[in-house]
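Before any comments, here is the structure.
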Amino acid sequence: MPKRATKRGDERTPLDRDCDVLICGASFAGLTVARELAETGASVLVVDRYEVGERQTSACGIPTPWLEAMGLLGALQQTFGELVVHTPYSTVRFDLPFTFSTFDYRTLCGLLAEQGGAFEFETATVRGRSDHAVQTDRGEIRAPLIVDALGWRRVLSSRANIQPPDALLSRGLEVHPFGQGEEFEIWIDRGYVPAGYGWSFPADGELRIGVGSFDPRFHVREPTERLAADLGSERVRYQGNWIPHALRDATEDGVFFVGDSAGHCLPLTAEGIRTALYFGLACGRELRSVLEGHQSREQALARYHDFSASHDLPFRWLLRLQRLVPRVAPRLLAGVLRGIEAKRIVDWSFGHYLNIAPPSFVGPASVRPVAVVAL
Ligand SMILES: Cc1cc2nc3c(=O)[nH]c(=O)nc-3n(C[C@H](O)[C@H](O)[C@H](O)COP(=O)(O)OP(=O)(O)OC[C@H]3O[C@@H](n4cnc5c(N)ncnc54)[C@H](O)[C@@H]3O)c2cc1C
């Protein structure tokens with residue numbers, strides 16, 4: 001059982017207060033926004049229902065250049081130069097132009113929080129919002145700048161949220177058995193999931209084995225357990241969630257949405273950590289510019305909204321591929337994968353893929369770019 005650090009009982013004192021920036025959600029997206037607000041002198045409050053890093057939300061695989069650029073290498077567990085793709089008719093090895101790494105969730109969140117400097121943190125469950133006030137189970141918090149980094153539920157939206165299985169959501173579940181491995185592997189195999197893929201990511205003595213389904217109606221517990229059994233691994237320590245696979249509005253009624261709440265997870269690959277960091281930086285920079293008096297809240301909302309929406313094209317392309325791949329006959333798919341195994345093609349395609357949210361966006365460690373006011 002995970003150790004529960006979240007405040008309970010008497011520790012859960014009433015929370016009724018004001019702050020300059022309220023960031024709801026203390027995972028990849030929320031902590032990155034807070035990081036960008038360090039040294040502004042503003043009162044920044046981050047709330048989450050769990051303590052920072054307490055509840056892992058993913059398999060924690062990311063392009064290594066992002067860990068380097070963000071100064072997060074201290075969380076790195078294992079690094080892989082190849083992506084191994086299994087289909088029923090082939091095993092293809094993509095020699096990548098950059099490496100992927102697995103990392104420790106708690107350590108990474110801790111490092112991000114340290115970079116955030118002097119923000120305050122409270123454990124509280126967010127229930128909803130009215131204008132500039134957010135209601136939690138411990139009381140109401142008021143702020144002129146509010147960020148929803150709460151994940152796929154988009155809790156602070158006032159619109160009627162479409163719920164699964166009708167929403168554009170995938171579902172993913174994984175187990176975390178102890179074990180060693182050297183390969184960063186995925187399975188595109190209808191025997192496990194009609195539309196989606198399975199994975200095994202080694203992480204320094206632990207394996208993260210899971211199955212993701214692009215079709216939210218398809219349950220993934222049985223295939224996850226079967227994949228783990230096929231790999232000779234225990235079915236223990238489950239972790240799963242819904243994953244949005246389409247961009248949503250990044251702002252609504254004066255609120256900034258970042259990460260899964262804004263649909264920032266990439267379709268096809270379900271890679272959502274890098275993009276949560278990327279859009280978290282973008283959002284944080286706009287907020288910083290407001291706090292430093294360079295632009296109004298409305299200008300920041302407009303600029304951040306447009307920045308997020310400007311990524312519509314790659315997201316749409318990946319969604320098209322996500323819908324196409326499951327329709328390709330398995331033997332043909334095996335042939336296509338072998339055809340694109342050539343280093344030149346892999347470098348080109350993965351290079352473009354990385355550039356959707358490039359690590360260069362982070363900027364030099366000592367200088368965090370200030371948003372330029374162009375409205
Ligand atoms: C099984 C699985 C494996 C995955 N593996 C990978 C991977 O290897 N690499 C990758 O790039 N992506 C992966 N993803 C996708 C990735 O996990 C998400 O895209 C990413 O976590 C989004 O980050 P986020 O900060 O927006 O949201 P989250 O990481 O989901 O964080 C949301 C935060 O909000 C808090 N919260 C939620 N509701 C409330 C509430 N009402 N009140 C208070 N707090 C609340 C949560 O406790 C959490 O801390 C995976 C997803 C799944 C389901």
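Chain labels A, B, ... are given in the sequence in which chains occur in the structure tokens; within each chain residues are numbered consecutively from 1, and ligands are likewise numbered from 1 in the order shown.
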
Which residues of range 246-344 of chain A have any atom within 12 Å of an atom in range 41-60 of chain A when counting only C-alpha atoms, and what is the closest pair of atoms for each, with the distance in Å to one decimal? Order the rows by chain and rising number and write it as a Markdown table.
```
| residue | atom | partner | partner_atom | distance |
| --- | --- | --- | --- | --- |
| A:Asp260 | CA | A:Thr57 | CA | 11.2 |
| A:Cys265 | CA | A:Ser58 | CA | 11.8 |
| A:Ala270 | CA | A:Ser58 | CA | 10.2 |
| A:Glu271 | CA | A:Cys60 | CA | 9.5 |
| A:Gly272 | CA | A:Ser58 | CA | 9.0 |
| A:Ile273 | CA | A:Cys60 | CA | 7.6 |
| A:Arg274 | CA | A:Cys60 | CA | 10.0 |
| A:Gly284 | CA | A:Val44 | CA | 11.4 |
| A:Leu287 | CA | A:Ala42 | CA | 10.5 |
| A:Arg288 | CA | A:Ala42 | CA | 9.1 |
| A:Ser289 | CA | A:Ala42 | CA | 11.7 |
| A:Val290 | CA | A:Ala42 | CA | 10.6 |
| A:Leu291 | CA | A:Ala42 | CA | 7.1 |
| A:Glu292 | CA | A:Ala42 | CA | 9.2 |
| A:Gly293 | CA | A:Ala42 | CA | 11.8 |
```

Keeping only all heavy atoms, take the residues you just selected and write them out as an mmCIF file, in the first residue's frame.
```
data_model
loop_
_atom_site.group_PDB
_atom_site.id
_atom_site.type_symbol
_atom_site.label_atom_id
_atom_site.label_comp_id
_atom_site.auth_asym_id
_atom_site.auth_seq_id
_atom_site.Cartn_x
_atom_site.Cartn_y
_atom_site.Cartn_z
ATOM 1 N N ASP A 260 -3.360 17.623 -18.897
ATOM 2 C CA ASP A 260 -4.502 16.808 -19.328
ATOM 3 C C ASP A 260 -5.829 17.582 -19.264
ATOM 4 O O ASP A 260 -6.749 17.299 -20.026
ATOM 5 C CB ASP A 260 -4.615 15.544 -18.461
ATOM 6 C CG ASP A 260 -3.688 14.425 -18.941
ATOM 7 O OD1 ASP A 260 -2.909 14.664 -19.892
ATOM 8 O OD2 ASP A 260 -3.747 13.320 -18.369
ATOM 9 N N CYS A 265 -2.155 15.988 -23.709
ATOM 10 C CA CYS A 265 -1.489 14.703 -23.929
ATOM 11 C C CYS A 265 -1.547 14.371 -25.433
ATOM 12 O O CYS A 265 -2.603 14.534 -26.062
ATOM 13 C CB CYS A 265 -2.201 13.624 -23.110
ATOM 14 S SG CYS A 265 -1.365 12.046 -23.120
ATOM 15 N N ALA A 270 0.070 8.782 -26.457
ATOM 16 C CA ALA A 270 -0.378 9.075 -25.077
ATOM 17 C C ALA A 270 0.775 9.608 -24.236
ATOM 18 O O ALA A 270 0.841 9.369 -23.044
ATOM 19 C CB ALA A 270 -1.021 7.856 -24.417
ATOM 20 N N GLU A 271 1.670 10.346 -24.885
ATOM 21 C CA GLU A 271 2.775 10.966 -24.141
ATOM 22 C C GLU A 271 2.272 12.327 -23.647
ATOM 23 O O GLU A 271 2.045 13.248 -24.437
ATOM 24 C CB GLU A 271 3.977 11.138 -25.082
ATOM 25 C CG GLU A 271 5.271 11.323 -24.320
ATOM 26 C CD GLU A 271 6.341 12.047 -25.126
ATOM 27 O OE1 GLU A 271 6.360 11.936 -26.375
ATOM 28 O OE2 GLU A 271 7.140 12.748 -24.497
ATOM 29 N N GLY A 272 2.124 12.442 -22.328
ATOM 30 C CA GLY A 272 1.510 13.665 -21.797
ATOM 31 C C GLY A 272 2.348 14.385 -20.756
ATOM 32 O O GLY A 272 1.960 15.448 -20.284
ATOM 33 N N ILE A 273 3.512 13.816 -20.397
ATOM 34 C CA ILE A 273 4.335 14.467 -19.372
ATOM 35 C C ILE A 273 5.099 15.637 -19.991
ATOM 36 O O ILE A 273 5.063 16.758 -19.501
ATOM 37 C CB ILE A 273 5.321 13.454 -18.751
ATOM 38 C CG1 ILE A 273 4.556 12.302 -18.117
ATOM 39 C CG2 ILE A 273 6.215 14.136 -17.729
ATOM 40 C CD1 ILE A 273 5.420 11.124 -17.713
ATOM 41 N N ARG A 274 5.778 15.327 -21.104
ATOM 42 C CA ARG A 274 6.551 16.369 -21.789
ATOM 43 C C ARG A 274 5.650 17.561 -22.138
ATOM 44 O O ARG A 274 6.027 18.720 -21.938
ATOM 45 C CB ARG A 274 7.139 15.762 -23.069
ATOM 46 C CG ARG A 274 7.633 16.769 -24.062
ATOM 47 C CD ARG A 274 8.444 16.093 -25.141
ATOM 48 N NE ARG A 274 7.775 15.083 -25.921
ATOM 49 C CZ ARG A 274 7.559 15.176 -27.242
ATOM 50 N NH1 ARG A 274 7.933 16.263 -27.886
ATOM 51 N NH2 ARG A 274 6.995 14.191 -27.915
ATOM 52 N N GLY A 284 2.927 29.467 -17.258
ATOM 53 C CA GLY A 284 3.633 30.141 -16.167
ATOM 54 C C GLY A 284 4.270 31.440 -16.630
ATOM 55 O O GLY A 284 4.258 32.445 -15.913
ATOM 56 N N LEU A 287 1.624 34.101 -16.877
ATOM 57 C CA LEU A 287 1.201 34.560 -15.549
ATOM 58 C C LEU A 287 2.284 35.456 -14.934
ATOM 59 O O LEU A 287 1.982 36.473 -14.309
ATOM 60 C CB LEU A 287 0.939 33.370 -14.626
ATOM 61 C CG LEU A 287 -0.212 32.440 -15.026
ATOM 62 C CD1 LEU A 287 -0.352 31.311 -14.021
ATOM 63 C CD2 LEU A 287 -1.512 33.223 -15.108
ATOM 64 N N ARG A 288 3.525 35.076 -15.144
ATOM 65 C CA ARG A 288 4.627 35.877 -14.587
ATOM 66 C C ARG A 288 4.609 37.280 -15.180
ATOM 67 O O ARG A 288 4.810 38.276 -14.483
ATOM 68 C CB ARG A 288 5.966 35.186 -14.889
ATOM 69 C CG ARG A 288 7.155 35.898 -14.279
ATOM 70 C CD ARG A 288 8.220 34.910 -13.866
ATOM 71 N NE ARG A 288 8.689 34.111 -14.971
ATOM 72 C CZ ARG A 288 9.770 34.404 -15.697
ATOM 73 N NH1 ARG A 288 10.456 35.494 -15.439
ATOM 74 N NH2 ARG A 288 10.155 33.617 -16.667
ATOM 75 N N SER A 289 4.326 37.328 -16.471
ATOM 76 C CA SER A 289 4.287 38.615 -17.142
ATOM 77 C C SER A 289 3.160 39.501 -16.565
ATOM 78 O O SER A 289 3.310 40.718 -16.463
ATOM 79 C CB SER A 289 4.096 38.363 -18.634
ATOM 80 O OG SER A 289 4.019 39.540 -19.329
ATOM 81 N N VAL A 290 2.066 38.876 -16.173
ATOM 82 C CA VAL A 290 0.971 39.631 -15.516
ATOM 83 C C VAL A 290 1.454 40.137 -14.160
ATOM 84 O O VAL A 290 1.290 41.316 -13.813
ATOM 85 C CB VAL A 290 -0.284 38.745 -15.331
ATOM 86 C CG1 VAL A 290 -1.366 39.502 -14.549
ATOM 87 C CG2 VAL A 290 -0.830 38.282 -16.677
ATOM 88 N N LEU A 291 2.067 39.247 -13.391
ATOM 89 C CA LEU A 291 2.500 39.615 -12.033
ATOM 90 C C LEU A 291 3.552 40.723 -12.064
ATOM 91 O O LEU A 291 3.631 41.535 -11.143
ATOM 92 C CB LEU A 291 3.076 38.377 -11.318
ATOM 93 C CG LEU A 291 2.067 37.262 -11.040
ATOM 94 C CD1 LEU A 291 2.777 35.991 -10.585
ATOM 95 C CD2 LEU A 291 1.051 37.701 -9.984
ATOM 96 N N GLU A 292 4.341 40.736 -13.138
ATOM 97 C CA GLU A 292 5.380 41.771 -13.238
ATOM 98 C C GLU A 292 4.851 43.046 -13.889
ATOM 99 O O GLU A 292 5.616 43.985 -14.144
ATOM 100 C CB GLU A 292 6.577 41.211 -14.036
ATOM 101 C CG GLU A 292 7.332 40.132 -13.244
ATOM 102 C CD GLU A 292 8.395 39.419 -14.057
ATOM 103 O OE1 GLU A 292 8.403 39.553 -15.309
ATOM 104 O OE2 GLU A 292 9.213 38.698 -13.443
ATOM 105 N N GLY A 293 3.554 43.057 -14.194
ATOM 106 C CA GLY A 293 2.922 44.281 -14.700
ATOM 107 C C GLY A 293 3.122 44.529 -16.178
ATOM 108 O O GLY A 293 2.873 45.627 -16.670
#
```

Contacts of His132 in chain A at 6 Å (only C-alpha atoms; same-chain gap of 6+ positions) as a compact mmCIF listing (two decimals) with all heavy atoms, in the first residue's frame:
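File produced: selection24.txt:
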```txt
# COMPACT_ATOMS: atom_id res chain seq x y z
N ARG A 142 -9.65 32.35 -2.88
CA ARG A 142 -9.91 33.36 -3.89
C ARG A 142 -8.60 33.85 -4.51
O ARG A 142 -7.61 34.05 -3.79
CB ARG A 142 -10.67 34.55 -3.28
CG ARG A 142 -12.08 34.18 -2.83
CD ARG A 142 -12.63 35.16 -1.84
NE ARG A 142 -11.84 35.19 -0.61
CZ ARG A 142 -11.99 34.34 0.43
NH1 ARG A 142 -12.92 33.39 0.37
NH2 ARG A 142 -11.23 34.44 1.50
N ALA A 143 -8.60 34.03 -5.84
CA ALA A 143 -7.39 34.52 -6.52
C ALA A 143 -7.79 35.12 -7.87
O ALA A 143 -8.70 34.63 -8.53
CB ALA A 143 -6.40 33.37 -6.75
N PRO A 144 -7.09 36.19 -8.29
CA PRO A 144 -7.37 36.75 -9.62
C PRO A 144 -6.85 35.85 -10.74
O PRO A 144 -7.37 35.89 -11.85
CB PRO A 144 -6.62 38.09 -9.60
CG PRO A 144 -5.60 37.99 -8.51
CD PRO A 144 -6.12 36.99 -7.52
```

Contacts of Gln322 in chain A at 8 Å (only C-alpha atoms; same-chain gap of 2+ positions) as a ChimeraX atom specification: /A:196,214,267-268,318-320,324-326

Contacts of His264 in chain A at 12 Å (only C-alpha atoms; same-chain gap of 6+ positions) as a PyMOL selection string: chain A and resi 28-29+149+151-152+154+169+243-250+257-258+270-280+307-309+311-312+314-316+356-357

Filtered DSSP result for range 33-186 of chain A, state alpha helix (DSSP H), as a list in words: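 Answer for range 33-186 of chain A restricted to alpha helix (DSSP H) is Val33, Ala34, Arg35, Glu36, Thr64, Pro65, Trp66, Leu67, Glu68, Ala69, Met70, Tyr105, Arg106, Thr107, Leu108, Cys109, Gly110, Leu111, Leu112, Ala113, Glu114 and Gln115 of chain A.
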
Let me see the file: selected residues, C-alpha atoms, as a short mmCIF file (atom, residue, chain, number, x, y, z; two decimals), in the first residue's frame.
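File written: selection_25.cif
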```
data_model
loop_
_atom_site.label_atom_id
_atom_site.label_comp_id
_atom_site.auth_asym_id
_atom_site.auth_seq_id
_atom_site.Cartn_x
_atom_site.Cartn_y
_atom_site.Cartn_z
CA VAL A 33 3.51 26.59 -13.67
CA ALA A 34 4.65 27.20 -10.08
CA ARG A 35 8.31 26.82 -11.17
CA GLU A 36 7.90 29.71 -13.57
CA THR A 64 15.76 12.51 -21.82
CA PRO A 65 16.52 15.96 -23.30
CA TRP A 66 13.50 17.27 -21.38
CA LEU A 67 14.90 16.01 -18.07
CA GLU A 68 18.24 17.64 -18.92
CA ALA A 69 16.72 20.94 -19.99
CA MET A 70 14.51 21.19 -16.90
CA TYR A 105 7.70 10.26 -9.88
CA ARG A 106 8.13 11.35 -6.27
CA THR A 107 11.69 12.56 -6.84
CA LEU A 108 10.78 14.45 -9.99
CA CYS A 109 7.82 16.20 -8.34
CA GLY A 110 10.07 17.08 -5.40
CA LEU A 111 12.69 18.60 -7.70
CA LEU A 112 10.07 20.59 -9.60
CA ALA A 113 8.63 21.85 -6.32
CA GLU A 114 12.11 22.95 -5.18
CA GLN A 115 12.52 24.90 -8.41
#
```

Minimum-distance residue to Phe350 in chain A, chosen among A:Glu82, A:Glu174, A:Asp215, A:Asp204 (using only C-alpha atoms): A:Glu82

Counting only C-alpha atoms and all ligand atoms, the residue of A:Gly339, A:Gly25, A:Gly363, A:Pro194 that sits nearest ligand 1: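 With only C-alpha atoms and all ligand atoms as the atom set, the closest residue is A:Gly25.
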
Sel. of strand (DSSP E) residues, range 183-355 of chain A, as an NGL selection string: :A and (184-187 or 196-202 or 207-213 or 238-244 or 251-252 or 255-257)

CA of Arg297 in chain A to CA of Glu252 in chain A, distance in Å rounded to a single decimal: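 Answer for the CA of Arg297 in chain A to CA of Glu252 in chain A separation: 12.6 Å.
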